[in-house]
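One structure below.
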Amino acid sequence: MGEYILEMKNIVKEFPGVRALDNVNLKVKKGTIHALCGENGAGKSTLMKVLSGIYPFGTYDGDIVFNGEVCKFSDIKDSERHGIAIIHQELATIPNLSIAENIFLGNEREVHGIIDWEKTGSDAREIMQKVGLYEEPTGKISDLSVGKQQLCEIAKALKKDAKLLILDEPTASLNENDSENLLNLLLELKSRGITSIVISHKLNEIERVADEITVIRDGSTIETLERDKDEIKEDRIIKGMVGREINDRFPKREHKVGDIAFEIRNWTVEDPMVSGRTRLDNVNLKVYKGEVVGIAGLMGAGRTELAMSIFGRLFGNKISGEMLKDGKVISISNVKDAIRHKIAYVTEDRKGAGLILDEDIRRNITLANMKKVSRTGVIDADLENMVGEEYKKKLGIKCSSIFQTTGNLSGGNQQKVVLGKWILTEPDVLILDEPTRGIDVGAKYEIYTIINALVAEGKSVIMISSELPEVLGVSDRVYVMNEGKIVGELKGAEATPEGVMSAIIKNRRL
Amino acid sequence: MDKLKGKFKINTNIRQFSMLIALVVIMVFFQWLTGGILLTPQNVTNLIMQNGYVIILTVGMLLCIVSSGSIDLSVGSVVAFVGAVLGELIVGMGVSTYIAIPAALVIGALIGAWQGFWIAYMRIPAFIVTLAGMLVFRGLTQLVLQGHTVSPFPEGFTLISSGFVATPAAALILGGVAIAIYVFMSIRRRMKKRKNGFAVTSLAFFVISLVAVSAAIGLFALWLYLYKGVPVVLVLMLTLIIVYSFFVSKTVPGRYLYAMGGNEKAAILSGIKTKKVLFLTFVNMSVLAAVAGIVYTSRLQAATPTAGLNFELDAIAACFIGGASNSGGVGTVIGAVIGALVMGVLNNGLSIMGVGSDLVQTIKGLVLLAAVVFDIVSKSRAKA
C-alpha cells in the first residue's frame, strides 16, 4: 500500500465550446478500491475514456502514469495491453453467443485460426470460478441474469490479466442481491491485489467498499477522501459533489389526502410466454388523491409488469380483476384508453422506451397528447413551440433550446422531458417507474419537487423504486411486492427498510 | 453557449439545402456538358414526363423508410402487375378507362393490405415480405400477359402521361396562381409568428427569399409555356408531393410516422397504434405503386411483362440521396423528391450525351454512395 498504480496529472480535455476536464488529478493506490463520485456531467466518464484510450493520446493534455511509466494510449486495445480494463454500464455481451464465446471474444483459444473448443470450455470454467460464476460455459449468455452477465464481463477483463479494473455504474441495473455479490467480488479481487476504480451513484455502496473517494465537480477534482483519515459518509460525499450541504434529500410536503382516486382489485395476470404461469397474483392496490404510494420490492418482483398491465395491457395474458377510477369501474384495453382515462406511465427505460432520442425536446413532450397542439389533425407549429417553452420552464429543463435533441441531454434532464410529456396529458394518476434511476443527486431532488407539485394539485402518484431510501422517503404509504404478490402495506412509522425486508422474507418462507 | 446556438442553426440550414444545391450544381454541370440541351423547354417537359412515376414511388417509399426503416422491394413488380391488369381490362375486355383506373387502385390497396398484414401484424421483416411480393407479382404479371405485350391503349388513357392541361397559356395562369398562393401563405405565416412572439427572419431576407422563389416558379411556368404547357403528369405529381409533404410534416398521423421510426417502444407507450400505422403505410405504398403503374403503362402505351424493372431501386436510392435514414425516423418528402430529380437529371443528361446505360448505372451507384457518405460525414462532424 502507499504506492500509486495510477496517477493522472493535470488532465485537460476540451470539446468544441466546452472544457469537460479542467486540470483533473487522480491518484489511485495499488490494491485499493477507488471510487469516483460526481454528478452527471461532472466529467467522470470523460476521465475514464481518457484513461482507457477511447480518447487517445494527443486529444487531451496532461500525463497518465500507470505502473510507474508514462503512458500514451492510442486506443482501447493499447490500454488493455497495459492491464487496464473498462467495464461499461451498458453490457457489451453478444446475446446469441455462449458464455465461453463471450468471455474469449476477440481473444479466442485457437490453433492456427481454428478454435479449440475443449480449451475454450476449460479455461472459461476456470476464470468463471474466480468471479464466483458456476454456470455451464456452453450456455447462452442471454439466459443469465443481468447480474451474472456483469460477472462475465468482469471475467472477460480478468482473463486479459487486468491490473486495474474500471467499473462504470456496475450495479445500476442489478438487484440488491446481485449488487451485494458484485461488491463482495470487488473486495475479494482487492485481496488478490487487483485495483478497481468504481463510478457509482449508489453512495451507500461506495461507503461500504471504497478505500478512497475522489470527488469531481464541473470538470475539476474537488477532493479525495481517505478511509483512514476522513469520515466516509453519504452526506459528506454529497456535500463534495454538489458543493453545499443537502440537509434534506427529500423535500417536505403537506400530507393532504382526498378520496380514492384509483384502485385495482384482484388483479391477476398470466405470463405472456408461458401459459398457466401466474405473474401477478391477486393484487389489490389503491391510491388516494394527493397521495404518493410507493411500491417497493426486489427486482423481478413484478412491479413493472403490474404497471404495464394496468397501462393498456402492455404486459401479460388473461388479465383478470377490476380497475376503478374515482369509484367507477373502467376498462382499458390499450394505451390510448389509458391516456383517455387520465392514467400516465413513465417507463423505467428512459432511453429505450421513454424518449425518441433523435428528436428534439419539443416534439418529445407533445407526442402523447398531440390533440393539445393540433386542430383537426393538423399540427400548429407555433402552439407546439409555446407548449415546449412552457414545459421547459415549468420543469426546469436545462438545454440550449427546445430544439435540442433529447439524446444530448443529461439523464436528469431527459427524465424531466419524459415527465413533461406525461404531465401534458393531464393525468390524474401517474405511475412512475424508477423515476430517478441513473440520475444525480441534484436532479433527483428536482424530480421529487416535481412529484410534490403534482400531488399538491390533487393528482395521485404511484412510485416504483428499487432504492429503498427513496421509496420510503418520498411515499406517504408503501406497498411491498414480492413474486407477483403484494406482501405488505406500510404506513408512517412502519415504513422502514427493516419493515420492507421483513415483509419480503416472511413471504419467502411461506 | 450563444455561439454554439448560432452554429447549430447554420448547420441545420446547410444540411437542409445541401441536396438542393447539389441538384442545381448537377443541372448546371449537365447544361454545360450537353451544350444547353438539358434546360431547353422541350427537355424540361421531357424530364418531368420521364420521372413522374419514379417520383410517385419515391413519395410512398419515403413513408415506409421513415415509419420503420423498411423498404418495399415489390413496387416495380406491382407497377408491372397493375399495367398487365389494365391491359387485360382496357385492351382485352374493352372496359372503360373510368372503371379500369379505380379498379387498378383497388388492386393496389389489396396488394398493400396483403403485404402490410404480414409486415405489421405478423412481424415478418418487410424486406422478406416485399422480396416475396417482388417475385409473386412479377410472376403474376407474366401469367396475366401470357408473356405477350398488350397494346394499343385508347387515346384517353395515354393522355394521362402525354397530355397537357388545356392550352400552353394555362402554364402562365397556373404559375401566377401558384406565386400568389405562395406569397399569401408566407406573409400569413410570418404575421402569425410575430403575433405569437416568435423570432422571424429579417425583413430583407424574407423579401429576397420571397422574390427568389416567386421568380423560380415564374421561370418554370414560362418554360412550360414555351413548349406545350402544363403536363397532366405534373399536376398529378405536384398534387401528391404537396399533399404528402403536408401530411408528414404538419399532421398528427404524419408525426406518428416519425415517432415510431425514431423509437417504436416509446411510440407504443405514447398511445400510438404502431401496427395499424405500419399496415396503412404499406397499403399506401402499394396504392401509389398502382398510380405509378397507371402512369407508366400510359406512357408506354402498352402493358409488358418487363415493365417497372428496378423501379424499386430507383425509388429507394432517391430517398437515401434525399437524406432519409435507413434506421427510420428521419427524412422529408421534399428531400426524397430532390433525390429523385438528381437521379432523373443524371439519367437524362447522360443519355443526351450519348453515354451508354452501363456507365449510367455505374455513375448513379457512385452518386448514391457519395450522397450518403457526405450525409454521414457531415453528421458526425456536427456531433463532434
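Ordering of the C-alpha cells sets the chain letters (A, B, ...), residue numbers begin anew at 1 in every chain, and ligands are numbered from 1 in the order given.
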Quiz prompt | All residues 12 Å or closer to Met501 in chain A, only C-alpha atoms, same chain fewer than 2 positions away omitted, as a VMD selection string | solution = chain A and resid 176 296 to 298 468 479 to 482 487 to 488 490 494 to 499 503 to 508
Quiz item: Quick one: which residues from chain A are at most 9 Å off chain B, using only C-alpha atoms, as a ChimeraX atom specification?
Solution: /A:15-17,311-312,314,334-339,345-347,350-359,363-364,367-371,374,376-383,386,400-401,421-422
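Look at Glu207 in chain A: the protein and nucleic acid residues within 12 Å of it, using only C-alpha atoms and passing over chain neighbours fewer than 6 places away, are Ile33, His34, Ala35, Leu36, Cys37, Leu183, Val198, Ser200, His201, Ile213, Leu225, Glu226, Arg227, Asp230, Glu231, Ile232, Lys233, Glu234, Asp235, Arg236, Ile237 and Ile238 of chain A.
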For the residues in the current selection, export N, CA and C atoms as a CSV table (one decimal), in the first residue's frame.
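The resulting file, result-v9.csv, is shown below:
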chain,number,residue,atom,x,y,z
A,33,ILE,N,-9.7,-0.1,-3.6
A,33,ILE,CA,-10.9,0.3,-4.4
A,33,ILE,C,-11.1,1.8,-4.3
A,34,HIS,N,-11.0,2.4,-5.5
A,34,HIS,CA,-11.1,3.8,-5.5
A,34,HIS,C,-12.4,4.2,-6.2
A,35,ALA,N,-13.2,5.0,-5.5
A,35,ALA,CA,-14.5,5.4,-6.0
A,35,ALA,C,-14.4,6.8,-6.7
A,36,LEU,N,-15.1,7.0,-7.8
A,36,LEU,CA,-15.1,8.3,-8.4
A,36,LEU,C,-16.5,8.8,-8.3
A,37,CYS,N,-16.7,9.9,-7.7
A,37,CYS,CA,-18.1,10.4,-7.5
A,37,CYS,C,-18.2,11.8,-8.1
A,183,LEU,N,-20.2,-6.5,-5.1
A,183,LEU,CA,-19.3,-5.7,-4.2
A,183,LEU,C,-18.4,-6.7,-3.5
A,198,VAL,N,-14.3,2.5,-9.3
A,198,VAL,CA,-15.7,2.3,-9.4
A,198,VAL,C,-16.4,3.7,-9.5
A,200,SER,N,-20.0,5.3,-9.3
A,200,SER,CA,-21.3,4.9,-8.9
A,200,SER,C,-22.1,6.0,-8.3
A,201,HIS,N,-23.4,6.0,-8.5
A,201,HIS,CA,-24.3,6.9,-7.9
A,201,HIS,C,-24.8,6.4,-6.5
A,213,ILE,N,-12.0,8.0,-2.0
A,213,ILE,CA,-13.0,8.5,-2.9
A,213,ILE,C,-12.5,9.9,-3.5
A,225,LEU,N,-11.1,11.7,-0.5
A,225,LEU,CA,-11.4,11.3,0.9
A,225,LEU,C,-10.7,10.0,1.1
A,226,GLU,N,-10.1,9.8,2.2
A,226,GLU,CA,-9.4,8.5,2.5
A,226,GLU,C,-10.1,7.9,3.7
A,227,ARG,N,-10.2,6.5,3.6
A,227,ARG,CA,-11.0,5.8,4.7
A,227,ARG,C,-10.4,6.0,6.1
A,230,ASP,N,-10.5,10.4,6.7
A,230,ASP,CA,-11.7,11.2,6.7
A,230,ASP,C,-12.9,10.3,7.0
A,231,GLU,N,-13.9,11.0,7.3
A,231,GLU,CA,-15.2,10.4,7.6
A,231,GLU,C,-15.8,10.0,6.2
A,232,ILE,N,-16.0,8.8,5.9
A,232,ILE,CA,-16.7,8.4,4.7
A,232,ILE,C,-18.1,8.1,5.0
A,233,LYS,N,-18.9,9.1,4.7
A,233,LYS,CA,-20.4,9.0,4.9
A,233,LYS,C,-21.1,9.6,3.7
A,234,GLU,N,-22.3,9.1,3.5
A,234,GLU,CA,-23.0,9.6,2.3
A,234,GLU,C,-23.2,11.1,2.2
A,235,ASP,N,-23.6,11.7,3.4
A,235,ASP,CA,-23.8,13.1,3.4
A,235,ASP,C,-22.5,13.9,3.1
A,236,ARG,N,-21.4,13.4,3.6
A,236,ARG,CA,-20.2,14.0,3.3
A,236,ARG,C,-19.8,14.0,1.8
A,237,ILE,N,-20.1,12.9,1.2
A,237,ILE,CA,-19.7,12.7,-0.2
A,237,ILE,C,-20.7,13.7,-1.0
A,238,ILE,N,-21.9,13.7,-0.7
A,238,ILE,CA,-22.9,14.5,-1.4
A,238,ILE,C,-22.5,16.0,-1.3
Quiz item: What lies within 12 Å of range 352-355 of chain B using only C-alpha atoms, ignoring chain neighbours under 5 positions off, as a PyMOL selection string?
Solution: chain B and resi 30-39+43+46-47+345-347+360-363
Put those residues in a file: C-alpha atoms, as a PDB file, in the first residue's frame.
ATOM      1  CA  PHE B  30     -25.044  18.984 -67.491  1.00  0.00           C
ATOM      2  CA  GLN B  31     -26.361  22.167 -69.030  1.00  0.00           C
ATOM      3  CA  TRP B  32     -22.760  22.892 -69.872  1.00  0.00           C
ATOM      4  CA  LEU B  33     -21.859  19.339 -70.923  1.00  0.00           C
ATOM      5  CA  THR B  34     -24.911  18.958 -73.168  1.00  0.00           C
ATOM      6  CA  GLY B  35     -24.336  22.331 -74.754  1.00  0.00           C
ATOM      7  CA  GLY B  36     -27.532  23.820 -73.361  1.00  0.00           C
ATOM      8  CA  ILE B  37     -29.885  20.992 -74.341  1.00  0.00           C
ATOM      9  CA  LEU B  38     -30.703  19.933 -70.766  1.00  0.00           C
ATOM     10  CA  LEU B  39     -32.681  23.013 -69.892  1.00  0.00           C
ATOM     11  CA  ASN B  43     -36.291  18.764 -72.453  1.00  0.00           C
ATOM     12  CA  ASN B  46     -39.405  15.583 -71.066  1.00  0.00           C
ATOM     13  CA  LEU B  47     -37.656  15.342 -67.719  1.00  0.00           C
ATOM     14  CA  VAL B 345     -31.220  14.636 -64.328  1.00  0.00           C
ATOM     15  CA  LEU B 346     -28.283  12.220 -64.297  1.00  0.00           C
ATOM     16  CA  ASN B 347     -30.207   9.734 -66.454  1.00  0.00           C
ATOM     17  CA  VAL B 360     -25.135   5.484 -66.378  1.00  0.00           C
ATOM     18  CA  GLN B 361     -25.788   2.712 -63.863  1.00  0.00           C
ATOM     19  CA  THR B 362     -22.246   2.930 -62.542  1.00  0.00           C
ATOM     20  CA  ILE B 363     -22.438   6.686 -62.125  1.00  0.00           C
TER      21      ILE B 363
END
Practice problem: Find, counting only C-alpha atoms, the residue in B:Val25, B:Val183, B:Leu366, B:Leu86 that gets nearest to Ile99 in chain B. | Solution: B:Leu86
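When only C-alpha atoms are used to compute distances to Ile217 in chain B, the closest of the residues B:Val44, B:Ser74, B:Gly175, B:Pro125 turns out to be B:Gly175.
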Exercise. Give the answer as one residue: which of A:Leu432, A:Tyr288, A:Arg375, A:Ile264 has the shortest atom-to-atom distance to Val329 in chain A, using only C-alpha atoms?
Key: A:Ile264
Quiz item: Can you list, as a VMD selection string, every protein, DNA or RNA residue that comes within 12 Å of Met191 in chain B when you count only C-alpha atoms, leaving out same-chain residues fewer than 4 positions away?
Solution: (chain A and resid 382) or (chain B and resid 184 to 187 195 to 201 203 206)
Could you please take those selected residues and save C-alpha atoms as a CSV table (one decimal), in the first residue's frame?
chain,number,residue,atom,x,y,z
A,382,ASP,CA,-46.3,27.8,-33.1
B,184,PHE,CA,-50.0,35.0,-49.4
B,185,MET,CA,-49.1,31.9,-47.3
B,186,SER,CA,-45.6,33.2,-46.5
B,187,ILE,CA,-46.9,36.5,-45.3
B,195,LYS,CA,-48.2,37.7,-33.2
B,196,ASN,CA,-47.2,34.7,-31.1
B,197,GLY,CA,-43.9,36.4,-30.2
B,198,PHE,CA,-41.5,34.1,-32.1
B,199,ALA,CA,-38.4,35.4,-33.8
B,200,VAL,CA,-38.7,35.9,-37.5
B,201,THR,CA,-36.1,36.3,-40.2
B,203,LEU,CA,-37.4,41.7,-43.5
B,206,PHE,CA,-37.8,37.5,-46.1
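Considering the residues B:Gly229, B:Gly94, B:Gly331, B:Gly76 and counting only C-alpha atoms, Ala292 in chain B has its shortest atom-to-atom contact with B:Gly76.
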Quiz prompt | DSSP-assigned alpha helix (DSSP H) among range 151-391 of chain A, expressed as a PyMOL selection string | solution = chain A and resi 151-159+176-191+203-209+234-242+303-310+335-340+361-366+381-391
Exercise. Would you kindly return, as a list in words, each protein, DNA or RNA residue with an atom no farther than 9 Å from any atom of range 307-314 of chain B, considering only C-alpha atoms and excluding same-chain residues fewer than 6 positions away?
Key: Tyr53, Val54, Leu57, Thr58, Met61, Ile71, Asp72, Leu73, Ser74, Val75, Gly76, Ser77, Val78, Val79, Ala80, Phe81, Gly83, Gly293, Tyr296, Thr297, Leu300, Ala340 and Met343 of chain B
Self-check item: Using only C-alpha atoms: which of A:Thr46, A:Asn181, A:Ser275, A:Thr195 has the shortest distance to Asn67 in chain A
Solution: A:Thr195
Quiz item: What's the 12 Å shell around Leu185 in chain A, counting only C-alpha atoms, without same-chain residues fewer than 6 positions away, as a ChimeraX atom specification?
Solution: /A:33,128-133,148,150-151,154-155,170,178-179,191-192,194,196,209
